[in-house]
$ cat upload19.pdb   # PDB, C-alpha atoms and all ligand atoms
MODEL        1
ATOM      1  CA  MET A 202     123.498 138.627  91.103  1.00  0.00           C
ATOM      2  CA  THR A 203     126.370 139.180  93.497  1.00  0.00           C
ATOM      3  CA  VAL A 204     128.245 136.164  94.806  1.00  0.00           C
ATOM      4  CA  PRO A 205     126.482 136.210  98.212  1.00  0.00           C
ATOM      5  CA  GLU A 206     123.139 136.510  96.428  1.00  0.00           C
ATOM      6  CA  LEU A 207     124.058 133.533  94.250  1.00  0.00           C
ATOM      7  CA  ALA A 208     124.832 131.478  97.367  1.00  0.00           C
ATOM      8  CA  LEU A 209     121.472 132.400  98.892  1.00  0.00           C
ATOM      9  CA  HIS A 210     119.708 131.691  95.605  1.00  0.00           C
ATOM     10  CA  HIS A 211     121.382 128.291  95.431  1.00  0.00           C
ATOM     11  CA  GLN A 212     120.094 127.462  98.892  1.00  0.00           C
ATOM     12  CA  ARG A 213     116.559 128.463  97.905  1.00  0.00           C
ATOM     13  CA  LEU A 214     116.716 126.360  94.744  1.00  0.00           C
ATOM     14  CA  GLU A 215     117.919 123.422  96.770  1.00  0.00           C
ATOM     15  CA  ALA A 216     115.018 123.785  99.218  1.00  0.00           C
ATOM     16  CA  ARG A 217     112.600 124.088  96.297  1.00  0.00           C
ATOM     17  CA  ALA A 218     114.025 120.946  94.668  1.00  0.00           C
ATOM     18  CA  THR A 219     113.622 118.989  97.915  1.00  0.00           C
ATOM     19  CA  GLN A 220     110.026 120.184  98.235  1.00  0.00           C
ATOM     20  CA  LEU A 221     109.245 119.212  94.624  1.00  0.00           C
ATOM     21  CA  HIS A 222     110.862 115.855  95.126  1.00  0.00           C
ATOM     22  CA  ASN A 223     108.627 115.189  98.159  1.00  0.00           C
ATOM     23  CA  GLN A 224     105.491 116.254  96.251  1.00  0.00           C
ATOM     24  CA  ILE A 225     106.410 113.902  93.406  1.00  0.00           C
ATOM     25  CA  GLU A 226     106.908 111.000  95.803  1.00  0.00           C
ATOM     26  CA  ARG A 227     103.527 111.681  97.428  1.00  0.00           C
ATOM     27  CA  ILE A 228     101.683 111.653  94.094  1.00  0.00           C
ATOM     28  CA  GLU A 229     103.521 108.524  92.962  1.00  0.00           C
ATOM     29  CA  ALA A 230     102.490 106.751  96.171  1.00  0.00           C
ATOM     30  CA  GLU A 231      98.921 108.012  95.743  1.00  0.00           C
ATOM     31  CA  LEU A 232      98.758 106.736  92.161  1.00  0.00           C
ATOM     32  CA  ALA A 233     100.084 103.379  93.230  1.00  0.00           C
ATOM     33  CA  ARG A 234      97.161 102.773  95.567  1.00  0.00           C
ATOM     34  CA  ASN A 235      93.382 102.991  95.523  1.00  0.00           C
ATOM     35  CA  PRO A 236      92.090 102.878  99.147  1.00  0.00           C
ATOM     36  CA  GLU A 237      88.423 102.371  98.180  1.00  0.00           C
ATOM     37  CA  ALA A 238      89.272  99.468  95.879  1.00  0.00           C
ATOM     38  CA  GLU A 239      91.519  97.983  98.578  1.00  0.00           C
ATOM     39  CA  ARG A 240      88.700  98.217 101.145  1.00  0.00           C
ATOM     40  CA  LEU A 241      86.256  96.533  98.733  1.00  0.00           C
ATOM     41  CA  GLU A 242      88.781  93.797  97.928  1.00  0.00           C
ATOM     42  CA  ARG A 243      88.978  92.955 101.641  1.00  0.00           C
ATOM     43  CA  GLU A 244      85.175  93.027 101.894  1.00  0.00           C
ATOM     44  CA  VAL A 245      84.752  90.710  98.885  1.00  0.00           C
ATOM     45  CA  GLY A 246      87.320  88.364 100.444  1.00  0.00           C
ATOM     46  CA  SER A 247      85.449  88.158 103.754  1.00  0.00           C
ATOM     47  CA  ARG A 248      82.028  87.682 102.100  1.00  0.00           C
ATOM     48  CA  GLU A 249      83.515  84.990  99.848  1.00  0.00           C
ATOM     49  CA  ALA A 250      84.692  83.163 102.975  1.00  0.00           C
ATOM     50  CA  VAL A 251      81.141  83.322 104.379  1.00  0.00           C
ATOM     51  CA  ARG A 252      79.735  82.104 101.065  1.00  0.00           C
ATOM     52  CA  ARG A 253      82.085  79.081 101.079  1.00  0.00           C
ATOM     53  CA  GLU A 254      81.153  78.298 104.678  1.00  0.00           C
ATOM     54  CA  VAL A 255      77.410  78.378 103.910  1.00  0.00           C
ATOM     55  CA  GLU A 256      78.029  76.159 100.888  1.00  0.00           C
ATOM     56  CA  LEU A 257      79.906  73.666 103.027  1.00  0.00           C
ATOM     57  CA  ARG A 258      77.158  73.592 105.669  1.00  0.00           C
ATOM     58  CA  LEU A 259      74.573  73.093 102.938  1.00  0.00           C
ATOM     59  CA  LEU A 260      76.479  70.125 101.523  1.00  0.00           C
ATOM     60  CA  GLN A 261      76.860  68.632 104.978  1.00  0.00           C
ATOM     61  CA  SER A 262      73.184  69.100 105.718  1.00  0.00           C
ATOM     62  CA  GLU A 263      72.213  67.507 102.386  1.00  0.00           C
ATOM     63  CA  ARG A 264      74.387  64.482 103.166  1.00  0.00           C
ATOM     64  CA  GLU A 265      72.841  64.103 106.637  1.00  0.00           C
ATOM     65  CA  THR A 266      69.315  64.407 105.226  1.00  0.00           C
ATOM     66  CA  GLU A 267      70.090  61.852 102.578  1.00  0.00           C
ATOM     67  CA  SER A 268      71.334  59.287 105.103  1.00  0.00           C
ATOM     68  CA  ARG A 269      68.342  59.912 107.375  1.00  0.00           C
ATOM     69  CA  ARG A 270      66.015  59.455 104.421  1.00  0.00           C
ATOM     70  CA  ALA A 271      67.723  56.152 103.540  1.00  0.00           C
ATOM     71  CA  ARG A 272      67.374  54.977 107.136  1.00  0.00           C
ATOM     72  CA  LEU A 273      63.688  55.936 107.125  1.00  0.00           C
ATOM     73  CA  ARG A 274      63.082  53.971 103.898  1.00  0.00           C
ATOM     74  CA  ALA A 275      64.835  50.925 105.358  1.00  0.00           C
ATOM     75  CA  ARG A 276      62.804  51.059 108.577  1.00  0.00           C
ATOM     76  CA  GLU A 277      59.558  51.497 106.657  1.00  0.00           C
ATOM     77  CA  ARG A 278      60.425  48.489 104.478  1.00  0.00           C
ATOM     78  CA  GLU A 279      61.078  46.428 107.619  1.00  0.00           C
ATOM     79  CA  LEU A 280      57.741  47.494 109.076  1.00  0.00           C
ATOM     80  CA  MET A 281      55.879  46.631 105.900  1.00  0.00           C
ATOM     81  CA  SER A 282      57.683  43.339 105.285  1.00  0.00           C
ATOM     82  CA  GLY A 283      55.569  41.458 107.809  1.00  0.00           C
ATOM     83  CA  ARG A 284      58.687  39.677 109.027  1.00  0.00           C
ATOM     84  CA  ILE A 285      58.516  41.316 112.458  1.00  0.00           C
ATOM     85  CA  ASN A 286      55.895  39.841 114.719  1.00  0.00           C
ATOM     86  CA  ASN A 287      57.252  40.898 118.101  1.00  0.00           C
ATOM     87  CA  PRO A 288      54.965  43.777 119.267  1.00  0.00           C
ATOM     88  CA  GLY A 289      57.754  45.365 121.291  1.00  0.00           C
ATOM     89  CA  GLU A 290      60.010  45.342 118.242  1.00  0.00           C
ATOM     90  CA  LEU A 291      57.203  46.733 116.041  1.00  0.00           C
ATOM     91  CA  MET A 292      56.602  49.525 118.540  1.00  0.00           C
ATOM     92  CA  ARG A 293      60.294  50.362 118.660  1.00  0.00           C
ATOM     93  CA  LEU A 294      60.488  50.485 114.861  1.00  0.00           C
ATOM     94  CA  SER A 295      57.381  52.600 114.495  1.00  0.00           C
ATOM     95  CA  THR A 296      58.671  55.078 117.108  1.00  0.00           C
ATOM     96  CA  GLU A 297      61.952  55.292 115.233  1.00  0.00           C
ATOM     97  CA  VAL A 298      60.083  55.968 111.977  1.00  0.00           C
ATOM     98  CA  ASP A 299      58.164  58.804 113.681  1.00  0.00           C
ATOM     99  CA  HIS A 300      61.395  60.282 115.036  1.00  0.00           C
ATOM    100  CA  LEU A 301      63.060  60.072 111.656  1.00  0.00           C
ATOM    101  CA  LYS A 302      60.119  61.818 109.965  1.00  0.00           C
ATOM    102  CA  LEU A 303      60.244  64.600 112.552  1.00  0.00           C
ATOM    103  CA  ALA A 304      63.997  64.983 112.151  1.00  0.00           C
ATOM    104  CA  LEU A 305      63.638  65.113 108.359  1.00  0.00           C
ATOM    105  CA  ALA A 306      61.097  67.935 108.609  1.00  0.00           C
ATOM    106  CA  GLY A 307      63.617  69.809 110.770  1.00  0.00           C
ATOM    107  CA  ASP A 308      66.365  69.062 108.234  1.00  0.00           C
ATOM    108  CA  GLU A 309      64.292  70.544 105.460  1.00  0.00           C
ATOM    109  CA  ASP A 310      63.663  73.741 107.428  1.00  0.00           C
ATOM    110  CA  ALA A 311      67.356  74.088 108.201  1.00  0.00           C
ATOM    111  CA  GLU A 312      68.227  73.477 104.549  1.00  0.00           C
ATOM    112  CA  LEU A 313      65.762  76.127 103.378  1.00  0.00           C
ATOM    113  CA  GLU A 314      67.308  78.587 105.790  1.00  0.00           C
ATOM    114  CA  LEU A 315      70.781  77.783 104.480  1.00  0.00           C
ATOM    115  CA  LEU A 316      69.591  78.204 100.895  1.00  0.00           C
ATOM    116  CA  GLU A 317      68.233  81.650 101.789  1.00  0.00           C
ATOM    117  CA  GLN A 318      71.545  82.551 103.408  1.00  0.00           C
ATOM    118  CA  GLN A 319      73.365  81.339 100.317  1.00  0.00           C
ATOM    119  CA  GLU A 320      71.240  83.466  98.025  1.00  0.00           C
ATOM    120  CA  LEU A 321      71.746  86.507 100.245  1.00  0.00           C
ATOM    121  CA  VAL A 322      75.520  86.162 100.458  1.00  0.00           C
ATOM    122  CA  GLU A 323      75.778  85.517  96.702  1.00  0.00           C
ATOM    123  CA  LYS A 324      73.885  88.732  96.063  1.00  0.00           C
ATOM    124  CA  GLU A 325      76.213  90.567  98.462  1.00  0.00           C
ATOM    125  CA  VAL A 326      79.312  89.208  96.737  1.00  0.00           C
ATOM    126  CA  ALA A 327      77.927  90.220  93.327  1.00  0.00           C
ATOM    127  CA  ARG A 328      77.098  93.730  94.564  1.00  0.00           C
ATOM    128  CA  LEU A 329      80.560  94.156  96.155  1.00  0.00           C
ATOM    129  CA  GLU A 330      82.267  92.911  93.001  1.00  0.00           C
ATOM    130  CA  ALA A 331      80.325  95.458  90.955  1.00  0.00           C
ATOM    131  CA  ASP A 332      81.346  98.202  93.430  1.00  0.00           C
ATOM    132  CA  LEU A 333      84.941  97.028  93.230  1.00  0.00           C
ATOM    133  CA  GLY A 334      84.886  97.228  89.439  1.00  0.00           C
ATOM    134  CA  ALA A 335      83.461 100.761  89.663  1.00  0.00           C
ATOM    135  CA  ALA A 336      86.064 101.825  92.261  1.00  0.00           C
ATOM    136  CA  ARG A 337      88.873 100.474  90.080  1.00  0.00           C
ATOM    137  CA  SER A 338      87.710 102.283  86.966  1.00  0.00           C
ATOM    138  CA  SER A 339      87.042 105.532  88.855  1.00  0.00           C
ATOM    139  CA  GLY A 340      90.571 105.259  90.284  1.00  0.00           C
ATOM    140  CA  GLU A 341      91.860 104.911  86.740  1.00  0.00           C
ATOM    141  CA  ALA A 342      89.696 107.825  85.581  1.00  0.00           C
ATOM    142  CA  ALA A 343      90.991 110.043  88.405  1.00  0.00           C
ATOM    143  CA  ALA A 344      94.588 109.135  87.625  1.00  0.00           C
ATOM    144  CA  PRO A 345      95.063 111.140  84.375  1.00  0.00           C
ATOM    145  CA  GLY A 346      94.767 114.491  86.244  1.00  0.00           C
ATOM    146  CA  ARG A 347      97.318 113.301  88.790  1.00  0.00           C
ATOM    147  CA  GLN A 348      99.535 111.959  86.020  1.00  0.00           C
ATOM    148  CA  GLU A 349      99.564 115.411  84.395  1.00  0.00           C
ATOM    149  CA  GLU A 350     100.379 117.016  87.737  1.00  0.00           C
ATOM    150  CA  LEU A 351     103.204 114.516  88.174  1.00  0.00           C
ATOM    151  CA  LEU A 352     104.650 115.312  84.745  1.00  0.00           C
ATOM    152  CA  ARG A 353     104.391 119.045  85.444  1.00  0.00           C
ATOM    153  CA  LEU A 354     106.192 118.697  88.783  1.00  0.00           C
ATOM    154  CA  GLU A 355     108.904 116.546  87.229  1.00  0.00           C
ATOM    155  CA  LEU A 356     109.463 119.228  84.605  1.00  0.00           C
ATOM    156  CA  VAL A 357     109.659 121.975  87.240  1.00  0.00           C
ATOM    157  CA  LEU A 358     112.065 119.824  89.272  1.00  0.00           C
ATOM    158  CA  ALA A 359     114.308 119.290  86.235  1.00  0.00           C
ATOM    159  CA  GLU A 360     114.321 123.059  85.554  1.00  0.00           C
ATOM    160  CA  THR A 361     115.049 123.837  89.205  1.00  0.00           C
ATOM    161  CA  GLU A 362     117.944 121.373  89.259  1.00  0.00           C
ATOM    162  CA  THR A 363     119.397 122.774  86.035  1.00  0.00           C
ATOM    163  CA  GLU A 364     119.225 126.308  87.423  1.00  0.00           C
ATOM    164  CA  ARG A 365     120.717 125.178  90.728  1.00  0.00           C
ATOM    165  CA  GLU A 366     123.668 123.594  88.913  1.00  0.00           C
ATOM    166  CA  ALA A 367     124.174 126.727  86.799  1.00  0.00           C
ATOM    167  CA  VAL A 368     124.147 128.885  89.938  1.00  0.00           C
ATOM    168  CA  TRP A 369     126.601 126.544  91.622  1.00  0.00           C
ATOM    169  CA  ARG A 370     129.046 126.850  88.702  1.00  0.00           C
ATOM    170  CA  GLN A 371     128.984 130.640  89.102  1.00  0.00           C
ATOM    171  CA  LEU A 372     130.061 130.445  92.741  1.00  0.00           C
ATOM    172  CA  PRO A 373     133.793 131.007  93.316  1.00  0.00           C
ATOM    173  CA  ALA A 374     135.755 127.979  94.563  1.00  0.00           C
ATOM    174  CA  ASP A 375     136.212 129.335  98.108  1.00  0.00           C
ATOM    175  CA  TRP A 376     132.443 129.889  98.394  1.00  0.00           C
ATOM    176  CA  GLN A 377     131.698 126.381  97.066  1.00  0.00           C
ATOM    177  CA  LYS A 378     134.130 124.886  99.546  1.00  0.00           C
ATOM    178  CA  ALA A 379     132.691 126.808 102.532  1.00  0.00           C
ATOM    179  CA  TYR A 380     129.133 126.086 101.370  1.00  0.00           C
ATOM    180  CA  ARG A 381     129.815 122.326 101.150  1.00  0.00           C
ATOM    181  CA  ARG A 382     131.504 122.223 104.532  1.00  0.00           C
ATOM    182  CA  VAL A 383     128.584 123.954 106.299  1.00  0.00           C
ATOM    183  CA  ALA A 384     125.949 122.063 104.281  1.00  0.00           C
ATOM    184  CA  ALA A 385     127.403 118.823 105.601  1.00  0.00           C
ATOM    185  CA  ARG A 386     126.016 119.643 109.043  1.00  0.00           C
ATOM    186  CA  VAL A 387     123.000 121.939 108.406  1.00  0.00           C
ATOM    187  CA  SER A 388     120.371 121.971 105.667  1.00  0.00           C
ATOM    188  CA  ASN A 389     120.499 125.789 105.351  1.00  0.00           C
ATOM    189  CA  PRO A 390     124.192 126.737 105.146  1.00  0.00           C
ATOM    190  CA  VAL A 391     123.506 130.328 104.064  1.00  0.00           C
ATOM    191  CA  ALA A 392     122.028 132.857 106.528  1.00  0.00           C
ATOM    192  CA  GLU A 393     120.761 136.331 105.790  1.00  0.00           C
ATOM    193  CA  VAL A 394     121.950 139.113 108.046  1.00  0.00           C
ATOM    194  CA  VAL A 395     119.186 141.631 108.717  1.00  0.00           C
ATOM    195  CA  ARG A 396     119.928 144.767 110.762  1.00  0.00           C
ATOM    196  CA  GLY A 397     123.230 143.265 111.838  1.00  0.00           C
ATOM    197  CA  GLN A 398     121.682 140.032 113.084  1.00  0.00           C
ATOM    198  CA  CYS A 399     122.191 136.498 111.727  1.00  0.00           C
ATOM    199  CA  GLN A 400     118.712 135.254 110.832  1.00  0.00           C
ATOM    200  CA  ALA A 401     119.630 131.622 111.502  1.00  0.00           C
ATOM    201  CA  CYS A 402     120.956 131.913 115.042  1.00  0.00           C
ATOM    202  CA  HIS A 403     119.933 135.506 115.936  1.00  0.00           C
ATOM    203  CA  VAL A 404     123.393 136.499 117.131  1.00  0.00           C
ATOM    204  CA  GLY A 405     124.643 139.955 116.117  1.00  0.00           C
ATOM    205  CA  ALA A 406     127.509 140.358 113.655  1.00  0.00           C
ATOM    206  CA  THR A 407     130.601 142.365 114.642  1.00  0.00           C
ATOM    207  CA  SER A 408     131.169 145.750 113.007  1.00  0.00           C
ATOM    208  CA  SER A 409     134.231 144.470 111.154  1.00  0.00           C
ATOM    209  CA  GLY A 410     132.162 141.495 110.005  1.00  0.00           C
ATOM    210  CA  MET A 411     129.459 143.883 108.767  1.00  0.00           C
ATOM    211  CA  GLN A 412     132.048 145.853 106.775  1.00  0.00           C
ATOM    212  CA  LEU A 413     133.245 142.687 105.059  1.00  0.00           C
ATOM    213  CA  LEU A 414     129.670 141.619 104.407  1.00  0.00           C
ATOM    214  CA  ARG A 415     128.827 144.893 102.739  1.00  0.00           C
ATOM    215  CA  ARG A 416     131.780 144.338 100.404  1.00  0.00           C
ATOM    216  CA  GLY A 417     130.399 140.928  99.504  1.00  0.00           C
ATOM    217  CA  SER A 418     133.271 139.012 101.084  1.00  0.00           C
ATOM    218  CA  LEU A 419     132.972 135.452 102.337  1.00  0.00           C
ATOM    219  CA  VAL A 420     132.023 135.795 106.010  1.00  0.00           C
ATOM    220  CA  LEU A 421     131.002 132.966 108.330  1.00  0.00           C
ATOM    221  CA  CYS A 422     128.749 133.631 111.340  1.00  0.00           C
ATOM    222  CA  GLU A 423     130.930 133.661 114.439  1.00  0.00           C
ATOM    223  CA  ASN A 424     128.207 131.825 116.322  1.00  0.00           C
ATOM    224  CA  CYS A 425     126.605 129.268 113.964  1.00  0.00           C
ATOM    225  CA  GLY A 426     129.255 129.112 111.262  1.00  0.00           C
ATOM    226  CA  ARG A 427     126.868 129.712 108.342  1.00  0.00           C
ATOM    227  CA  LEU A 428     127.854 131.707 105.280  1.00  0.00           C
ATOM    228  CA  GLN A 429     126.450 135.198 105.777  1.00  0.00           C
ATOM    229  CA  VAL A 430     124.671 137.340 103.223  1.00  0.00           C
ATOM    230  CA  ALA A 431     123.774 140.967 103.952  1.00  0.00           C
ATOM    231  CA  THR A 432     120.285 141.822 102.678  1.00  0.00           C
TER     232      THR A 432
HETATM  233 ZN    ZN B 501     124.495 132.609 112.836  1.00  0.00          ZN
ENDMDL
END
$ encode --input "upload19.pdb" --output "structure tokens"
Amino acid sequence: MTVPELALHHQRLEARATQLHNQIERIEAELARNPEAERLEREVGSREAVRREVELRLLQSERETESRRARLRARERELMSGRINNPGELMRLSTEVDHLKLALAGDEDAELELLEQQELVEKEVARLEADLGAARSSGEAAAPGRQEELLRLELVLAETETEREAVWRQLPADWQKAYRRVAARVSNPVAEVVRGQCQACHVGATSSGMQLLRRGSLVLCENCGRLQVAT
């Protein structure tokens, strides 16, 4: 390879290394997350919240029923005790007993409904947890292929970097210096010149510039300042 060709080759290796580096980062990020498992985790969390709420309402309803039942027993005992002779008072008590019985029937219906809800949400949670387990293990099963790809890319990157460094060492000091200076402001410091035109900025080279280029001298584009390589 001529010196200008080495400079161009170095630029290509650098671009390749950047590309490989990006691919590696993407796969690493991909391996770090499992979107399906994450979605199911959120779903399990929200169903668990519903399950706890139903449980709480059930407890509350059981407590209310229990206190109503106790009140009913007390009123019934009063009625049966024979201690109350006032007809108005007896009527009031008997009406209250009827109301309490009606309310208790309603309580039982509501409780049954809550129990059904509880069973349903428990089944849902169990199903989602099973799905979550499956998503996690399928994520782990899919990972080996990606792991191999990652290792392969890391190997190619290491080779590319080694070659790039070897190419760099072959560049003369004045080329290295010019390359570094231009690379500080653009990502592609080397431009090919095709049919007398800089391929980076599309401005034509002068005829004296072309003569120098053909001899493989270090020539910078008069317009964009890149190192030029005649191809
Ligand atoms: Zn140019």
$ resolve_selection --input "upload19.pdb" --expression "the PyMOL selection byres (((chain A and resi 404-407) around 12) and not hetatm)" --output "JSON, numbers by chain"
{"A": [392, 393, 394, 395, 396, 397, 398, 399, 400, 401, 402, 403, 408, 409, 410, 411, 412, 413, 414, 415, 420, 421, 422, 423, 424, 425, 426, 427, 429, 430, 431]}
$ resolve_selection --input "upload19.pdb" --expression "the PyMOL selection byres (((chain A and resi 273) around 12) and not hetatm)" --output "list in words"
Thr266, Glu267, Ser268, Arg269, Arg270, Ala271, Arg272, Arg274, Ala275, Arg276, Glu277, Arg278, Glu279, Leu280, Leu294, Ser295, Thr296, Glu297, Val298, Asp299, His300, Leu301, Lys302, Leu303, Ala304 and Leu305 of chain A
$ write_last_selection --input "upload19.pdb" --atoms "C-alpha atoms" --output "compact mmCIF listing (two decimals), in the coordinates of the input"
# COMPACT_ATOMS: atom_id res chain seq x y z
CA THR A 266 69.32 64.41 105.23
CA GLU A 267 70.09 61.85 102.58
CA SER A 268 71.33 59.29 105.10
CA ARG A 269 68.34 59.91 107.38
CA ARG A 270 66.02 59.46 104.42
CA ALA A 271 67.72 56.15 103.54
CA ARG A 272 67.37 54.98 107.14
CA ARG A 274 63.08 53.97 103.90
CA ALA A 275 64.83 50.92 105.36
CA ARG A 276 62.80 51.06 108.58
CA GLU A 277 59.56 51.50 106.66
CA ARG A 278 60.42 48.49 104.48
CA GLU A 279 61.08 46.43 107.62
CA LEU A 280 57.74 47.49 109.08
CA LEU A 294 60.49 50.48 114.86
CA SER A 295 57.38 52.60 114.50
CA THR A 296 58.67 55.08 117.11
CA GLU A 297 61.95 55.29 115.23
CA VAL A 298 60.08 55.97 111.98
CA ASP A 299 58.16 58.80 113.68
CA HIS A 300 61.40 60.28 115.04
CA LEU A 301 63.06 60.07 111.66
CA LYS A 302 60.12 61.82 109.96
CA LEU A 303 60.24 64.60 112.55
CA ALA A 304 64.00 64.98 112.15
CA LEU A 305 63.64 65.11 108.36
$ atom_distance --input "upload19.pdb" --atom1 "CA of Asp310 (chain A)" --atom2 "CA of Ala250 (chain A)"
23.5 Å
$ residues_around --input "upload19.pdb" --residues "region 259-261 of chain A" --least-positions-apart "6" --cutoff "12 Å" --atoms "only C-alpha atoms" --output "PDB file with C-alpha atoms, in the frame of the given file"
ATOM      1  CA  ARG A 252      79.735  82.104 101.065  1.00  0.00           C
ATOM      2  CA  ARG A 253      82.085  79.081 101.079  1.00  0.00           C
ATOM      3  CA  GLU A 267      70.090  61.852 102.578  1.00  0.00           C
ATOM      4  CA  SER A 268      71.334  59.287 105.103  1.00  0.00           C
ATOM      5  CA  ASP A 308      66.365  69.062 108.234  1.00  0.00           C
ATOM      6  CA  GLU A 309      64.292  70.544 105.460  1.00  0.00           C
ATOM      7  CA  ASP A 310      63.663  73.741 107.428  1.00  0.00           C
ATOM      8  CA  ALA A 311      67.356  74.088 108.201  1.00  0.00           C
ATOM      9  CA  GLU A 312      68.227  73.477 104.549  1.00  0.00           C
ATOM     10  CA  LEU A 313      65.762  76.127 103.378  1.00  0.00           C
ATOM     11  CA  GLU A 314      67.308  78.587 105.790  1.00  0.00           C
ATOM     12  CA  LEU A 315      70.781  77.783 104.480  1.00  0.00           C
ATOM     13  CA  LEU A 316      69.591  78.204 100.895  1.00  0.00           C
ATOM     14  CA  GLU A 317      68.233  81.650 101.789  1.00  0.00           C
ATOM     15  CA  GLN A 318      71.545  82.551 103.408  1.00  0.00           C
ATOM     16  CA  GLN A 319      73.365  81.339 100.317  1.00  0.00           C
ATOM     17  CA  GLU A 320      71.240  83.466  98.025  1.00  0.00           C
TER      18      GLU A 320
END
$ atom_distance --input "upload19.pdb" --atom1 "CA of Pro373 (chain A)" --atom2 "CA of His210 (chain A)"
14.3 Å
$ closest_residue --input "upload19.pdb" --among "A:Ile225, A:Leu333, A:Val383, A:Ala216" --to "ligand ZN 501 (chain B)" --atoms "only C-alpha atoms and all ligand atoms"
A:Val383
$ closest_residue --input "upload19.pdb" --among "A:Ile228, A:Met202, A:Gly289, A:Ser247" --to "Pro345 (chain A)" --atoms "all atoms listed in the file"
A:Ile228
$ closest_residue --input "upload19.pdb" --among "A:Leu428, A:Leu209, A:Ser338, A:Pro236" --to "Lys378 (chain A)" --atoms "all atoms listed in the file"
A:Leu428
